[in-house]
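Contents: one structure, followed by commentary.
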Amino acid sequence: MPPLPRLDSPIGSFADVTLLVLWYVCAFVIGLTVGSFLNVCVARLPFEKSLIWPGSCCPACYQPIRWYDNIPVLSYLWLRGRCRSCGIGIPLRYPAVELLTGVAFVALFHVEMVANWLDLGVLRRNWGLAPGLLPPEALWLFFHHALLLSFLLVASLCDLQDMEVPLSVTGTGTLVGLILATLFPWPFPEPAPQQAGSLPPYSGIYAWPVWYPLPAWLPAGSWQLGLATGLAGALVGTLLVRLVRSLFEFGRGIEGMGIGDADLMMMAGAFLGWQPVVLGFFAAAPVGLVFGLAQLLFTGRQALPFVPALSVGLLLVLFNWPALGRHFAPGFFDPILMAALTVFLVLGLPALAFLLRLIR
């Protein structure tokens with residue numbers, strides 16, 4: 001874990017601690033509010049219902065829910081988990097999702113803004129906790145990753161609920177990711193490296209560009225580079241999962257991964273770029289194994305919703321990228337190695353699938 005950012009005036013006074021607590025409270029309240037909206041998404045999007053109309057109502061008596069009965073967590077506690085009109089029980093998952101999102105936003109704020117795990121230079125230089133201010137560039141990074149976290153939560157909850165991820169979630173997330181990639185191209189908010197080949201382990205909202213050294217037609221900080229980075233991430237993410245899915249299906253004769261998994265990686269690639277998505281996919285394998293063993297032990301079911309494992313794998317790679325980047329940068333930007341890996345994926349995996357089918 002990188003060291004805490006250097007502060008111009010160290011945290012220690014009552015005012016400094018109070019301001020830090022206020023930042024945490026603000027992140028928690030925003031997370032609770034977002035979690036309430038995520039509940040609506042999970043309840044409606046799998047059934048292709050509108051998020052706007054009709055307004056929130058009781059699923060049993062269909063009475064509209066008043067605004068003061070729709071306050072995250074607090075209204076559930078005040079009503080003792082029951083509808084005010086008909087008294088039917090409200091599922092516990094609604095306040096649970098709100099609390100989970102609130103805690104996740106606080107954890108994200110702490111990891112990125114306070115502990116500076118991504119080792120952002122803009123935070124080391126301009127951290128303004130004493131006057132209660134954060135660099136706007138750092139807040140954009142938090143907003144970017146909070147959006148990704150929200151999309152991952154919705155997709156994971158839908159997969160856990162129905163073993164299916166609506167395209168409306170991943171498709172919208174991909175579009176949002178591409179827009180953000182265009183608006184915040186690499187290396188925003190950091191300056192570009194002065195020497196070719198000296199790519200830092202983590203440099204901005206997008207850790208790495210689509211390729212480095214940059215070609216002349218994709219200058220640093222240009223919208224073209226941002227769009228190319230997002231598109232490459234989306235393309236690599238979805239093709240990688242679809243290729244592995246085809247391999248598994250051809251080799252064993254059954255479906256191993258769903259289209260929703262490929263769509264999720266497409267969305268994640270638009271938010272992160274292609275390099276973190278590749279490592280995130282492989283990081284999800286041991287996570288999925290743990291989830292699968294736990295599910296088999298407690299429920300006896302073998303069919304595993306893989307989107308939660310993919311989401312955890314992506315987040316693990318994202319927050320450990322400064323350490324991972326130092327080790328993988330030479331390989332990811334080596335054209336010979338990348339060409340060999342592409343040939344292996346295109347030719348080697350189908351051959352492996354054929355051998356698996358013969359053995360089967």
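The chains in the structure tokens are called A, B, ... from first to last as shown; in each chain the residues are counted from 1, and the ligands are counted from 1 in the order shown.
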message: Neighbouring residues of segment 67-74 of chain A were defined as those with any atom within 12 Å, considering only C-alpha atoms; residues of the same chain fewer than 6 positions away were excluded. Please report them as a PyMOL selection string.
response: chain A and resi 28-40+55-58+80-85+90+92-102
task: If you run DSSP over the backbone, which residues in segment 49-277 of chain A end up helix (DSSP H, G or I)? Put them as a PyMOL selection string.
output: chain A and resi 67-69+74-78+93-114+121-126+136-162+167-183+223-252+259-272+274-277
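Considering only C-alpha atoms, the residue among A:Ala268, A:Val111, A:Arg124, A:Leu118 positioned nearest to Leu147 of chain A is A:Ala268.
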message: I'd like the interatomic distance between atom CA of Phe142 of chain A and atom CA of Leu108 of chain A, to a tenth of an Å.
response: 7.6 Å
- prompt: Mind pulling up the distance from atom CA of Leu304 of chain A to atom CA of Phe47 of chain A?
  reply: 21.5 Å
query: Using only C-alpha atoms, which of the listed residues (A:Cys41, A:Gly292, A:His110, A:Gly273) sits closest to Val165 of chain A?
result: A:Cys41
- request: Calculate how many Å separate atom CA of Ala340 of chain A from atom CA of Val307 of chain A, rounding to one decimal.
  value: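 Atom CA of Ala340 of chain A sits 28.9 Å away from atom CA of Val307 of chain A.
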message: My list of candidates is A:Ala303, A:Leu279, A:Ile65, A:Val287. Which is closest to Gly258 of chain A when distances are computed with only C-alpha atoms?
response: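 Ranked by minimum distance to Gly258 of chain A, first place goes to A:Ala303.
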field: Surrounding residues of Leu264 of chain A excluding itself and chain neighbours under 2 positions, 8 Å, only C-alpha atoms, as number ranges by chain
entry: A: 152, 155, 170, 238, 260-262, 266-268, 307
Let's have the selection written as a short mmCIF file (atom, residue, chain, number, x, y, z; two decimals), in the first residue's frame, with N, CA and C atoms.
data_model
loop_
_atom_site.label_atom_id
_atom_site.label_comp_id
_atom_site.auth_asym_id
_atom_site.auth_seq_id
_atom_site.Cartn_x
_atom_site.Cartn_y
_atom_site.Cartn_z
N LEU A 152 -21.20 -1.83 -11.82
CA LEU A 152 -20.82 -3.20 -11.44
C LEU A 152 -21.76 -3.75 -10.39
N ALA A 155 -25.10 -4.71 -12.16
CA ALA A 155 -24.93 -5.93 -12.96
C ALA A 155 -24.78 -7.15 -12.07
N THR A 170 -25.36 -2.83 -19.22
CA THR A 170 -24.00 -2.85 -19.77
C THR A 170 -23.87 -1.96 -21.00
N THR A 238 -14.81 -7.59 -24.46
CA THR A 238 -15.89 -8.47 -24.92
C THR A 238 -15.34 -9.64 -25.74
N GLY A 260 -23.87 -12.02 -20.99
CA GLY A 260 -23.83 -10.91 -20.05
C GLY A 260 -22.44 -10.68 -19.48
N ASP A 261 -21.65 -11.77 -19.31
CA ASP A 261 -20.27 -11.62 -18.85
C ASP A 261 -19.43 -10.85 -19.86
N ALA A 262 -19.62 -11.18 -21.15
CA ALA A 262 -18.89 -10.47 -22.20
C ALA A 262 -19.31 -9.00 -22.26
N MET A 266 -17.01 -5.63 -21.68
CA MET A 266 -17.04 -4.54 -22.65
C MET A 266 -17.22 -3.21 -21.94
N MET A 267 -18.16 -3.16 -21.01
CA MET A 267 -18.40 -1.94 -20.24
C MET A 267 -17.18 -1.56 -19.41
N ALA A 268 -16.60 -2.53 -18.72
CA ALA A 268 -15.43 -2.27 -17.89
C ALA A 268 -14.26 -1.77 -18.73
N VAL A 307 -20.66 -12.74 -12.90
CA VAL A 307 -20.48 -11.29 -12.93
C VAL A 307 -19.93 -10.75 -11.61
#
task: Considering only C-alpha atoms, return as a VMD selection string whatever protein or nucleic-acid residues lie within 10 Å of Leu167 of chain A, sequence-local ones (same chain, fewer than 4 positions apart) excluded.
output: chain A and resid 45 to 46 48 155 171 to 173 259 to 260 263 to 264
- request: Could you please write out, as a PyMOL selection string, every residue of segment 88-328 of chain A that DSSP assigns to strand (DSSP E or B)?
  value: chain A and resi 89+128+133+189+204
